[in-house]
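To start, the structure itself, in structure tokens.
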There are 2 protein chains.
Amino acid sequence: MRTSIATVCLSGALVQKMYAAAEAGFSAIEIFEPDLISAPQSPEEIRALADRLGLSLDLYQPFRDAEGVDEETFATVLHRAEAKFALMRRLGIETMLVCSNVATATIDDDEVSARQLRRLGDLAATYGVKLAYEALAWGRFVDDYRRSWRIVELADHAAVGICLDSFHILSRGHGPKQIEEIPAEKIFFLQLADAPALRMDVLSWSRHHRLFPGEGSFDLPAFLGHVLRAGYDGPLSLEVFNDTFRQTDPVRTARQAQRSLRWLADRTADLLGEETGRSAPLPRLPEVAAPEAFDFVEIKAPDTSGVEVLLEQMGFAFGGRHRSKQVRLWTWGEARIVCNDVPSASPEPHIAAVGFDVADSDAAAERAARLMAPPVHRRTYAGEQALRAFASPDGTEVFLSRAADWIAEFDGGVSSADEHSARIDHVNLVQPWHSFDEAVLFYTSVLSLAPQPAQEVAGPSGLVRSQVMSSPAGGVRLPLNLLPNGQQGRAQHVAIVCDDIVGVVTAARGRGLRPLEVPGNYYADLAARFDLPDDLIDTLRDLDLLYDRDADGEYLHCYTETVGEVFFELVERRERYAGYGAGNAPVRLVSQAG
Amino acid sequence: MRTSIATVCLSGALVQKMYAAAEAGFSAIEIFEPDLISAPQSPEEIRALADRLGLSLDLYQPFRDAEGVDEETFATVLHRAEAKFALMRRLGIETMLVCSNVATATIDDDEVSARQLRRLGDLAATYGVKLAYEALAWGRFVDDYRRSWRIVELADHAAVGICLDSFHILSRGHGPKQIEEIPAEKIFFLQLADAPALRMDVLSWSRHHRLFPGEGSFDLPAFLGHVLRAGYDGPLSLEVFNDTFRQTDPVRTARQAQRSLRWLADRTADLLGEETGRSAPLPRLPEVAAPEAFDFVEIKAPDTSGVEVLLEQMGFAFGGRHRSKQVRLWTWGEARIVCNDVPSASPEPHIAAVGFDVADSDAAAERAARLMAPPVHRRTYAGEQALRAFASPDGTEVFLSRAADWIAEFDGGVSSADEHSARIDHVNLVQPWHSFDEAVLFYTSVLSLAPQPAQEVAGPSGLVRSQVMSSPAGGVRLPLNLLPNGQQGRAQHVAIVCDDIVGVVTAARGRGLRPLEVPGNYYADLAARFDLPDDLIDTLRDLDLLYDRDADGEYLHCYTETVGEVFFELVERRERYAGYGAGNAPVRLVSQAG
């Protein structure tokens, strides 16, 4: 099947949008009318450019307020439509999107709408144009695809078919199963969009908050499954617009869009796999299981010694020096932190890379490459392991690696004297606002992590949105944080889980660690909220430990000071507590701002 | 009456919030519990600081999930409450806000809730504490103030009263009139918040989009009128939080909050004016009618000659040089533009000031000062008019002036030879995201302009939100534009209205004006949309004029190139067209970006 994208998804002028779509490997585009009207190029120039770029012009959209009107109004519709049909002939576009009437409909009668679409179809046919009729979720009378299909059936005209848009159907909660009853040859076009679960009016939801498939909460694999079962084999086209895509680099957005379609096609093929004789809508990607452990975290700066002091105080042991690079390894149980002293874009210590322990790094790397993850090249020397790495949307490098393959490159380490075994519990990455949704799709599609429900926590200078990406068994947890509008701070952190935080922190304090101070008022509130023994509260207060409890268990944690752009968290999880102490975040944020 | 503000309205740590509230002239605050818990200061320190700042601590909030629960849960409620009552005694706070139960209520029975509030009241009384019970708009069972009042009546306890919050009442569309039936002594507290008209779930609306009175769409003067008629004379307290206030300077937000209460008190006093014997809730401000004309626009830069070229090409005549400053006046009919060549913060020509023609500048200046508008001082010389000026939230200076008072300071001007009389139609000011709502309140309260419904237009790099502030007869129109997230561009413009744009632009082109180019595709679309004579379309195309039409009339307009941060628009309004050609904005934005 062809992949296609609506020009309204991309920022910039029409010509820039076309270059971006071609660059990302799309074979077709939908032309959004205002993009053409604003373009200085003639329709013939646009057509010729599309030819050269190998882009098919698959749809002209939208044509509004066409049917359900009185005869006098319909005469103006025909006048308007004929000018557009002539324009489409110049552009070489065959199909026009006709939306259900929002503004001028006065007649709520399927027969009238069908008759008017038939007359429009007659006119369209003389220009070689076909009409794809779409029920908008906020159409005046027609707002359900089952009704638009009934009208198309009644119109009974070769030039009149239906357009299906996942947003308009799923946002209204309309079941997509009946799509299978529509004959394939009458499904003239398919538009795909995801969206977050929001409770707001559907028009604003549509205009501001659509997302690419895999970034939101719609079940698009199931939706596309129904469309494919109907026999549709036209383009898979994305019509997604939101406040972010309108203002980000169109080349980057187009790649993100293409990644989304590849992921969606695969998930849909999984679903349809049982049905014999049906081929996948797009070539399959290599299957890769989600990683169940962090392999390492790399911290980079011209000077990372401040971080090494913290590591040693917490309980890490020096794990050796790399045999050919200015890189030192620190280990504590299964937790590995690599400190890399090199000139770098940011002069402050920061999380530069996260290694994920994947079972088959060749397959995982091929999958990432097919999903257009930008490869990262690091110099290797003879005899060293060439690690597979890709840049995530925020620039953090993602390695597909296993310690067993590279740890021998480090010499001179000692093993940790600390008896409390530890591992990396979660790595918190702060995302710039324009790549937050892209990051969700990246980790979903490339690493097969699953997004957990998003949370918001109030800090002293704004709300922080947090979305955790995690592996099925919880071995990998990656909270992605979105800072408030306009804030650039990038403090990220690595959380180390241990089995006796009281012992660990007591020993760490002995080595000089000073956890972030927690105000006395916090412990007074803790005593009011939970029925905790006084001596536990005293211990928590003495060690500046924070506490949370839910139905599944308990969470004890504390934070180190921040060095450059990095700090650490020490955590102990009791029973099956699966959260992150979100309720304590305001206390941490105020204390860090303090 | 006292003015009060909830600490949750302001950004920063608790102590910063307290300083900001005091600085803006508030006499009281509500302590939001998480602010206290995060504060390193002891309750005694907070109490002593409040004393020194002259702030009364009027409310401790919120206490959640108190009633409608089973006996076992209620035992934990009493445990939690007693710790908070003890804390309130240390803080010296008498009143606690008790919200209707959201999370743990299982018993939907007024008698049970009342009995539990009565028992909580018994315990509170032993600590000298009173409970103000509030129906949250999303309460599990109690979500209407009429029901919370019934429960308070049933509780029949001296320490149990009601808290009224305008958001929780008006967001649900509950009529506020029955407030008048509640005895004044049982209204323990009043919280005021405005909000924009949005259709979304009320919890998100409340958490992200509350506004100060006068910035949104609630009828708060009517609401407060009902509360005052009930006899309430406690504090007027603001509980407003939104994504913007959480991250802007708390001193600035607190002043904005105080301005909002002054405006609200005045509007409410107007409403109650007929009722004899009732005094205004806060001292009255001087009444000032909205200006019905622009007096002048000032453009400032080290070198404004590029702007002067445009002015002369459009049809302005040189109106003289200021007798003591590097300032030149340009006039065209009633339109006056002042070019001021001085070193300035921005090196590019920009709109530095807007003069409004007010009937009584003394009264207007006093009103602005009472509303905490920051005064602007400009050097004047003997014999020159000392103009009254204030800084608006985006930094543009607002002058309260009349040309007759200052025009004699300019010498050597000529009068315009152009027979087409002109005046300033509108001045478009781009607002930084964090001061957009503040600007709406500023122009509403200080200049008595009225906000018109907001619009959004799509540009090539994002959506632009536009909100017009206008005078009753339309003589002053001030569109405030909000750029997309993260964009800093500040191109503002001045629109000049004339009565024959075809003649004006033809003559201007003869003088070398090159209006912004409009693509040919635009005119093809115009012909499809409107039934316009071919020769009109030809004229529009030849002159690069844009066109719009609505039920009230027609709008013809064009744009000059941008010089620094300023461009001009020439407009002709036919019949009663009152818009701004918003549909043409995408074409302008693409052309300007191109």
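Ligands are numbered from 1 in the order shown, residues from 1 within each chain, and chains are lettered A, B, ... in the order they appear in the structure tokens.
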Original post:
Got a sec to pull out which chain B residues are within 7 Å of chain A, counting only C-alpha atoms, and send them as a ChimeraX atom specification?
Top reply: /B:11-13,36-40,42,79-80,83,199-201,243,246-247,460-463,486,519-522,528-529,586-587,590
Identify, on the basis of only C-alpha atoms, every residue whose closest approach to A:Asp143 does not exceed 9 Å; exclude the query and any residue fewer than 5 positions from it along the same chain; express the result as a JSON list (two decimals) with N, CA, C and O atoms, in the first residue's frame.
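Final output, saved to part07.json:
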[["chain", "number", "residue", "atom", "x", "y", "z"],
["A", 100, "SER", "N", -18.87, 16.45, 5.47],
["A", 100, "SER", "CA", -20.29, 16.65, 5.78],
["A", 100, "SER", "C", -20.49, 18.11, 6.22],
["A", 100, "SER", "O", -19.60, 18.73, 6.78],
["A", 134, "GLU", "N", -16.96, 12.51, 3.63],
["A", 134, "GLU", "CA", -16.51, 12.19, 4.99],
["A", 134, "GLU", "C", -17.45, 12.79, 6.03],
["A", 134, "GLU", "O", -17.79, 13.98, 5.95],
["A", 135, "ALA", "N", -17.86, 11.99, 7.02],
["A", 135, "ALA", "CA", -18.68, 12.50, 8.13],
["A", 135, "ALA", "C", -17.75, 13.12, 9.17],
["A", 135, "ALA", "O", -16.98, 12.42, 9.82],
["A", 136, "LEU", "N", -17.81, 14.45, 9.31],
["A", 136, "LEU", "CA", -17.06, 15.10, 10.38],
["A", 136, "LEU", "C", -17.71, 14.79, 11.73],
["A", 136, "LEU", "O", -18.94, 14.71, 11.81],
["A", 137, "ALA", "N", -16.88, 14.67, 12.76],
["A", 137, "ALA", "CA", -17.43, 14.36, 14.09],
["A", 137, "ALA", "C", -18.38, 15.45, 14.57],
["A", 137, "ALA", "O", -19.22, 15.22, 15.43],
["A", 138, "TRP", "N", -18.21, 16.67, 14.03],
["A", 138, "TRP", "CA", -19.08, 17.77, 14.44],
["A", 138, "TRP", "C", -19.96, 18.25, 13.29],
["A", 138, "TRP", "O", -20.37, 19.41, 13.25],
["A", 148, "SER", "N", -22.90, 8.56, 6.71],
["A", 148, "SER", "CA", -22.31, 9.03, 5.44],
["A", 148, "SER", "C", -22.29, 7.88, 4.43],
["A", 148, "SER", "O", -22.51, 8.09, 3.24],
["A", 168, "HIS", "N", -12.40, 11.09, 13.33],
["A", 168, "HIS", "CA", -13.84, 11.41, 13.35],
["A", 168, "HIS", "C", -14.67, 10.23, 13.85],
["A", 168, "HIS", "O", -15.74, 10.42, 14.42],
["A", 169, "ILE", "N", -14.17, 9.03, 13.66],
["A", 169, "ILE", "CA", -14.92, 7.84, 14.08],
["A", 169, "ILE", "C", -14.63, 7.49, 15.54],
["A", 169, "ILE", "O", -15.54, 7.36, 16.36],
["A", 172, "ARG", "N", -15.66, 9.92, 18.55],
["A", 172, "ARG", "CA", -17.06, 9.88, 18.94],
["A", 172, "ARG", "C", -17.42, 8.55, 19.59],
["A", 172, "ARG", "O", -18.55, 8.32, 19.96]]
Subject >> Per-residue DSSP, stretch 371-549 of chain A, filtered to alpha helix (DSSP H), as JSON, numbers by chain >> reply: {"A": [403, 404, 405, 406, 436, 437, 438, 439, 440, 441, 442, 443, 444, 445, 446, 447, 501, 502, 503, 504, 505, 506, 507, 508, 509, 510, 520, 521, 522, 523, 524, 525, 526, 527, 528, 529, 534, 535, 536, 537, 538, 539, 540, 541, 542, 543]}
Could you write out that same residue set with N, CA and C atoms as a compact mmCIF listing (two decimals), in the first residue's frame?
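The result, stored in result-v4.txt:
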# COMPACT_ATOMS: atom_id res chain seq x y z
N ALA A 403 26.37 -5.83 28.72
CA ALA A 403 27.64 -5.60 29.43
C ALA A 403 28.66 -6.69 29.11
N ALA A 404 28.19 -7.94 29.00
CA ALA A 404 29.12 -9.05 28.76
C ALA A 404 29.97 -8.82 27.51
N ASP A 405 29.41 -8.08 26.55
CA ASP A 405 30.12 -7.86 25.29
C ASP A 405 31.18 -6.78 25.37
N TRP A 406 31.08 -5.86 26.32
CA TRP A 406 32.01 -4.72 26.30
C TRP A 406 32.79 -4.53 27.59
N PHE A 436 8.19 15.77 22.80
CA PHE A 436 7.63 14.88 23.80
C PHE A 436 6.84 13.72 23.16
N ASP A 437 5.88 14.04 22.30
CA ASP A 437 5.07 12.98 21.70
C ASP A 437 5.92 12.11 20.77
N GLU A 438 6.87 12.74 20.11
CA GLU A 438 7.77 11.99 19.23
C GLU A 438 8.57 10.97 20.05
N ALA A 439 8.96 11.35 21.27
CA ALA A 439 9.72 10.44 22.11
C ALA A 439 8.85 9.24 22.51
N VAL A 440 7.59 9.50 22.81
CA VAL A 440 6.68 8.39 23.16
C VAL A 440 6.63 7.38 22.00
N LEU A 441 6.46 7.89 20.79
CA LEU A 441 6.41 6.99 19.62
C LEU A 441 7.75 6.29 19.40
N PHE A 442 8.86 7.01 19.62
CA PHE A 442 10.19 6.44 19.41
C PHE A 442 10.39 5.23 20.32
N TYR A 443 10.14 5.39 21.63
CA TYR A 443 10.37 4.28 22.55
C TYR A 443 9.34 3.16 22.36
N THR A 444 8.12 3.53 21.94
CA THR A 444 7.11 2.51 21.65
C THR A 444 7.52 1.67 20.45
N SER A 445 7.91 2.34 19.37
CA SER A 445 8.14 1.61 18.12
C SER A 445 9.53 0.98 18.07
N VAL A 446 10.56 1.71 18.48
CA VAL A 446 11.93 1.21 18.33
C VAL A 446 12.25 0.17 19.40
N LEU A 447 11.86 0.44 20.66
CA LEU A 447 12.23 -0.46 21.77
C LEU A 447 11.07 -1.31 22.29
N ILE A 501 17.31 0.60 51.97
CA ILE A 501 17.71 1.99 51.78
C ILE A 501 18.20 2.61 53.09
N VAL A 502 17.65 2.17 54.21
CA VAL A 502 18.10 2.76 55.48
C VAL A 502 19.59 2.44 55.69
N GLY A 503 19.97 1.18 55.48
CA GLY A 503 21.37 0.81 55.60
C GLY A 503 22.24 1.51 54.57
N VAL A 504 21.77 1.58 53.33
CA VAL A 504 22.54 2.19 52.25
C VAL A 504 22.78 3.67 52.53
N VAL A 505 21.72 4.38 52.94
CA VAL A 505 21.86 5.82 53.13
C VAL A 505 22.68 6.11 54.38
N THR A 506 22.52 5.27 55.41
CA THR A 506 23.35 5.47 56.61
C THR A 506 24.83 5.34 56.26
N ALA A 507 25.16 4.28 55.48
CA ALA A 507 26.56 4.10 55.07
C ALA A 507 27.01 5.23 54.16
N ALA A 508 26.13 5.65 53.25
CA ALA A 508 26.48 6.71 52.29
C ALA A 508 26.75 8.02 53.03
N ARG A 509 25.93 8.30 54.05
CA ARG A 509 26.14 9.53 54.84
C ARG A 509 27.51 9.46 55.51
N GLY A 510 27.88 8.26 55.94
CA GLY A 510 29.19 8.09 56.54
C GLY A 510 30.31 8.41 55.55
N GLY A 520 10.86 19.86 57.82
CA GLY A 520 10.18 19.24 58.96
C GLY A 520 8.67 19.15 58.76
N ASN A 521 8.09 20.15 58.07
CA ASN A 521 6.64 20.13 57.85
C ASN A 521 6.21 18.88 57.08
N TYR A 522 7.11 18.34 56.25
CA TYR A 522 6.79 17.15 55.47
C TYR A 522 6.51 15.97 56.40
N TYR A 523 7.36 15.82 57.44
CA TYR A 523 7.20 14.66 58.33
C TYR A 523 5.97 14.81 59.22
N ALA A 524 5.61 16.06 59.57
CA ALA A 524 4.37 16.28 60.32
C ALA A 524 3.17 15.85 59.49
N ASP A 525 3.22 16.18 58.19
CA ASP A 525 2.12 15.79 57.31
C ASP A 525 2.08 14.28 57.13
N LEU A 526 3.25 13.65 57.01
CA LEU A 526 3.32 12.20 56.85
C LEU A 526 2.64 11.51 58.04
N ALA A 527 2.91 12.02 59.23
CA ALA A 527 2.31 11.44 60.44
C ALA A 527 0.80 11.59 60.42
N ALA A 528 0.32 12.72 59.84
CA ALA A 528 -1.13 12.93 59.77
C ALA A 528 -1.77 12.03 58.72
N ARG A 529 -1.03 11.77 57.64
CA ARG A 529 -1.63 11.03 56.52
C ARG A 529 -1.61 9.53 56.71
N ASP A 534 6.23 5.86 65.18
CA ASP A 534 7.03 7.05 65.42
C ASP A 534 8.50 6.83 65.09
N ASP A 535 9.01 5.60 65.40
CA ASP A 535 10.44 5.42 65.16
C ASP A 535 10.77 5.36 63.67
N LEU A 536 9.80 4.91 62.84
CA LEU A 536 10.03 4.95 61.39
C LEU A 536 10.09 6.41 60.94
N ILE A 537 9.13 7.21 61.41
CA ILE A 537 9.13 8.64 61.04
C ILE A 537 10.44 9.29 61.48
N ASP A 538 10.92 8.94 62.67
CA ASP A 538 12.18 9.51 63.15
C ASP A 538 13.34 9.12 62.22
N THR A 539 13.36 7.84 61.84
CA THR A 539 14.42 7.38 60.93
C THR A 539 14.36 8.12 59.60
N LEU A 540 13.15 8.23 59.06
CA LEU A 540 12.99 8.93 57.78
C LEU A 540 13.50 10.36 57.91
N ARG A 541 13.11 11.02 59.02
CA ARG A 541 13.50 12.42 59.22
C ARG A 541 15.02 12.54 59.36
N ASP A 542 15.59 11.63 60.13
CA ASP A 542 17.04 11.69 60.36
C ASP A 542 17.82 11.53 59.06
N LEU A 543 17.29 10.70 58.16
CA LEU A 543 18.04 10.41 56.93
C LEU A 543 17.56 11.23 55.73
Subject >> Residue set, stretch 101-222 of chain B restricted to strand (DSSP E or B), as a list of chain:residue names >> reply: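 Those residues are B:Lys130, B:Leu131, B:Ala132, B:Tyr133, B:Glu134, B:Val160, B:Gly161, B:Ile162, B:Cys163, B:Leu164, B:Asp165, B:Ile187, B:Phe188, B:Phe189, B:Leu190, B:Gln191, B:Leu192, B:Asp194, B:Met200, B:Leu211.
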Subject >> Contacts of B:Tyr19 at 12 Å (only C-alpha atoms; same-chain gap of 6+ positions) as a VMD selection string >> reply: chain B and resid 7 10 to 13 25 to 29 46 49 to 55 249 to 255
Just-selected residues, N, CA, C and O atoms written as an mmCIF file, in the first residue's frame:
data_model
loop_
_atom_site.group_PDB
_atom_site.id
_atom_site.type_symbol
_atom_site.label_atom_id
_atom_site.label_comp_id
_atom_site.auth_asym_id
_atom_site.auth_seq_id
_atom_site.Cartn_x
_atom_site.Cartn_y
_atom_site.Cartn_z
ATOM 1 N N THR B 7 -2.245 31.148 48.213
ATOM 2 C CA THR B 7 -0.833 31.038 47.824
ATOM 3 C C THR B 7 -0.670 30.187 46.564
ATOM 4 O O THR B 7 0.301 30.336 45.831
ATOM 5 N N LEU B 10 0.234 31.863 43.147
ATOM 6 C CA LEU B 10 1.511 32.523 42.884
ATOM 7 C C LEU B 10 2.615 31.487 42.745
ATOM 8 O O LEU B 10 2.576 30.433 43.366
ATOM 9 N N SER B 11 3.620 31.807 41.947
ATOM 10 C CA SER B 11 4.721 30.870 41.756
ATOM 11 C C SER B 11 5.783 31.078 42.825
ATOM 12 O O SER B 11 5.787 32.082 43.526
ATOM 13 N N GLY B 12 6.686 30.107 42.942
ATOM 14 C CA GLY B 12 7.793 30.228 43.875
ATOM 15 C C GLY B 12 7.549 29.469 45.162
ATOM 16 O O GLY B 12 6.619 28.668 45.271
ATOM 17 N N ALA B 13 8.417 29.703 46.135
ATOM 18 C CA ALA B 13 8.278 29.074 47.443
ATOM 19 C C ALA B 13 7.364 29.939 48.313
ATOM 20 O O ALA B 13 7.094 31.101 48.002
ATOM 21 N N GLY B 25 -0.394 44.721 48.085
ATOM 22 C CA GLY B 25 -1.437 45.356 48.891
ATOM 23 C C GLY B 25 -2.520 44.417 49.394
ATOM 24 O O GLY B 25 -3.573 44.875 49.851
ATOM 25 N N PHE B 26 -2.298 43.105 49.318
ATOM 26 C CA PHE B 26 -3.284 42.195 49.899
ATOM 27 C C PHE B 26 -3.199 42.252 51.413
ATOM 28 O O PHE B 26 -2.113 42.421 51.976
ATOM 29 N N SER B 27 -4.352 42.112 52.082
ATOM 30 C CA SER B 27 -4.314 42.125 53.538
ATOM 31 C C SER B 27 -4.392 40.724 54.123
ATOM 32 O O SER B 27 -4.262 40.545 55.326
ATOM 33 N N ALA B 28 -4.596 39.722 53.261
ATOM 34 C CA ALA B 28 -4.706 38.360 53.790
ATOM 35 C C ALA B 28 -4.294 37.350 52.728
ATOM 36 O O ALA B 28 -4.247 37.660 51.539
ATOM 37 N N ILE B 29 -3.995 36.127 53.180
ATOM 38 C CA ILE B 29 -3.752 35.029 52.244
ATOM 39 C C ILE B 29 -4.452 33.764 52.726
ATOM 40 O O ILE B 29 -4.781 33.628 53.904
ATOM 41 N N ILE B 46 6.454 31.063 59.836
ATOM 42 C CA ILE B 46 5.494 31.558 58.834
ATOM 43 C C ILE B 46 4.533 32.550 59.484
ATOM 44 O O ILE B 46 4.225 33.613 58.938
ATOM 45 N N LEU B 49 6.341 35.808 60.168
ATOM 46 C CA LEU B 49 6.576 36.553 58.921
ATOM 47 C C LEU B 49 5.283 37.230 58.463
ATOM 48 O O LEU B 49 5.283 38.397 58.056
ATOM 49 N N ALA B 50 4.167 36.494 58.542
ATOM 50 C CA ALA B 50 2.874 37.066 58.144
ATOM 51 C C ALA B 50 2.559 38.303 58.988
ATOM 52 O O ALA B 50 2.116 39.333 58.467
ATOM 53 N N ASP B 51 2.810 38.197 60.287
ATOM 54 C CA ASP B 51 2.592 39.348 61.174
ATOM 55 C C ASP B 51 3.396 40.550 60.705
ATOM 56 O O ASP B 51 2.885 41.659 60.597
ATOM 57 N N ARG B 52 4.679 40.312 60.452
ATOM 58 C CA ARG B 52 5.538 41.428 60.076
ATOM 59 C C ARG B 52 5.089 42.042 58.756
ATOM 60 O O ARG B 52 5.150 43.253 58.566
ATOM 61 N N LEU B 53 4.615 41.202 57.807
ATOM 62 C CA LEU B 53 4.194 41.702 56.498
ATOM 63 C C LEU B 53 2.789 42.291 56.529
ATOM 64 O O LEU B 53 2.300 42.796 55.523
ATOM 65 N N GLY B 54 2.114 42.170 57.674
ATOM 66 C CA GLY B 54 0.745 42.685 57.760
ATOM 67 C C GLY B 54 -0.251 41.813 57.019
ATOM 68 O O GLY B 54 -1.276 42.284 56.541
ATOM 69 N N LEU B 55 0.063 40.532 56.899
ATOM 70 C CA LEU B 55 -0.849 39.608 56.219
ATOM 71 C C LEU B 55 -1.589 38.787 57.260
ATOM 72 O O LEU B 55 -0.963 38.150 58.118
ATOM 73 N N ASP B 249 6.593 35.645 37.544
ATOM 74 C CA ASP B 249 6.987 36.420 38.710
ATOM 75 C C ASP B 249 5.809 36.630 39.671
ATOM 76 O O ASP B 249 4.807 37.238 39.307
ATOM 77 N N PRO B 250 5.911 36.139 40.925
ATOM 78 C CA PRO B 250 4.759 36.228 41.821
ATOM 79 C C PRO B 250 4.382 37.668 42.174
ATOM 80 O O PRO B 250 3.209 37.949 42.435
ATOM 81 N N VAL B 251 5.341 38.583 42.166
ATOM 82 C CA VAL B 251 5.002 39.978 42.486
ATOM 83 C C VAL B 251 4.099 40.542 41.399
ATOM 84 O O VAL B 251 3.087 41.192 41.667
ATOM 85 N N ARG B 252 4.448 40.236 40.172
ATOM 86 C CA ARG B 252 3.648 40.714 39.054
ATOM 87 C C ARG B 252 2.251 40.081 39.063
ATOM 88 O O ARG B 252 1.242 40.753 38.854
ATOM 89 N N THR B 253 2.192 38.782 39.335
ATOM 90 C CA THR B 253 0.891 38.116 39.387
ATOM 91 C C THR B 253 0.048 38.692 40.518
ATOM 92 O O THR B 253 -1.165 38.889 40.360
ATOM 93 N N ALA B 254 0.664 38.977 41.653
ATOM 94 C CA ALA B 254 -0.098 39.491 42.793
ATOM 95 C C ALA B 254 -0.675 40.871 42.476
ATOM 96 O O ALA B 254 -1.817 41.178 42.843
ATOM 97 N N ARG B 255 0.090 41.706 41.747
ATOM 98 C CA ARG B 255 -0.452 43.024 41.364
ATOM 99 C C ARG B 255 -1.624 42.870 40.412
ATOM 100 O O ARG B 255 -2.635 43.557 40.517
#
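With only C-alpha atoms as the atoms that count, the minimum distance from B:Leu513 to the choices B:Pro196, B:Pro183, B:Gly315, B:Pro283 is reached by B:Gly315.
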Subject >> Interatomic distance, atom CA of A:Gly320 to atom CA of A:Val307 (Å, one decimal) >> reply: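 These atoms are spaced 15.7 Å apart.
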Subject >> Of the listed residues A:Gln313, A:Gln492, A:Ser305, A:Asn428, that which approaches A:Val476 most closely, counting only C-alpha atoms >> reply: A:Asn428
**OP:** Name all residues at most 7 Å from stretch 155-160 of chain B (count only C-alpha atoms; drop same-chain ones fewer than 4 positions away) and give them as an NGL selection string.
**Re:** :B and (114-115 or 117-118 or 121 or 125 or 130-132 or 151)
Keeping all heavy atoms for every residue in the selection just given, could you write it to a file as a compact mmCIF listing (two decimals), in the first residue's frame?
# COMPACT_ATOMS: atom_id res chain seq x y z
N ALA B 114 -23.77 15.38 57.22
CA ALA B 114 -23.98 16.42 58.23
C ALA B 114 -23.50 15.94 59.60
O ALA B 114 -22.84 16.68 60.35
CB ALA B 114 -25.46 16.80 58.28
N ARG B 115 -23.79 14.68 59.92
CA ARG B 115 -23.40 14.15 61.22
C ARG B 115 -21.87 14.10 61.32
O ARG B 115 -21.30 14.47 62.35
CB ARG B 115 -23.99 12.75 61.39
CG ARG B 115 -24.12 12.29 62.83
CD ARG B 115 -25.19 11.22 62.99
NE ARG B 115 -24.99 10.11 62.05
CZ ARG B 115 -25.95 9.62 61.26
NH1 ARG B 115 -27.17 10.13 61.27
NH2 ARG B 115 -25.69 8.61 60.47
N LEU B 117 -19.74 16.00 59.64
CA LEU B 117 -19.23 17.38 59.74
C LEU B 117 -19.42 17.91 61.16
O LEU B 117 -18.59 18.65 61.68
CB LEU B 117 -19.94 18.30 58.75
CG LEU B 117 -19.49 18.22 57.29
CD1 LEU B 117 -20.22 19.26 56.44
CD2 LEU B 117 -17.98 18.42 57.15
N ARG B 118 -20.54 17.52 61.78
CA ARG B 118 -20.80 17.98 63.16
C ARG B 118 -19.74 17.43 64.10
O ARG B 118 -19.21 18.16 64.94
CB ARG B 118 -22.21 17.56 63.59
CG ARG B 118 -22.72 18.32 64.81
CD ARG B 118 -24.12 17.85 65.23
NE ARG B 118 -25.03 17.76 64.10
CZ ARG B 118 -25.78 16.70 63.80
NH1 ARG B 118 -25.74 15.60 64.56
NH2 ARG B 118 -26.57 16.71 62.74
N GLY B 121 -16.69 19.20 63.53
CA GLY B 121 -16.85 20.54 64.11
C GLY B 121 -16.60 20.52 65.62
O GLY B 121 -15.98 21.45 66.16
N ALA B 125 -13.69 22.70 67.23
CA ALA B 125 -14.00 23.73 68.22
C ALA B 125 -13.03 23.67 69.40
O ALA B 125 -12.66 24.70 69.97
CB ALA B 125 -15.45 23.59 68.69
N LYS B 130 -12.69 26.77 62.78
CA LYS B 130 -13.97 26.69 62.09
C LYS B 130 -13.79 26.01 60.74
O LYS B 130 -12.72 26.13 60.12
CB LYS B 130 -14.54 28.09 61.85
CG LYS B 130 -14.86 28.86 63.12
CD LYS B 130 -15.68 30.11 62.83
CE LYS B 130 -14.92 31.05 61.88
NZ LYS B 130 -15.76 32.20 61.47
N LEU B 131 -14.83 25.30 60.28
CA LEU B 131 -14.75 24.56 59.03
C LEU B 131 -15.63 25.20 57.97
O LEU B 131 -16.83 25.38 58.19
CB LEU B 131 -15.21 23.11 59.26
CG LEU B 131 -14.53 22.37 60.42
CD1 LEU B 131 -15.17 20.99 60.60
CD2 LEU B 131 -13.02 22.23 60.15
N ALA B 132 -15.04 25.53 56.82
CA ALA B 132 -15.82 26.08 55.70
C ALA B 132 -15.96 24.98 54.66
O ALA B 132 -14.99 24.61 54.00
CB ALA B 132 -15.09 27.30 55.13
N ILE B 151 -26.45 20.53 53.79
CA ILE B 151 -25.69 19.71 54.74
C ILE B 151 -25.20 20.55 55.91
O ILE B 151 -25.26 20.13 57.07
CB ILE B 151 -24.53 19.00 54.00
CG1 ILE B 151 -25.11 17.94 53.04
CG2 ILE B 151 -23.55 18.36 54.98
CD1 ILE B 151 -24.11 17.35 52.07
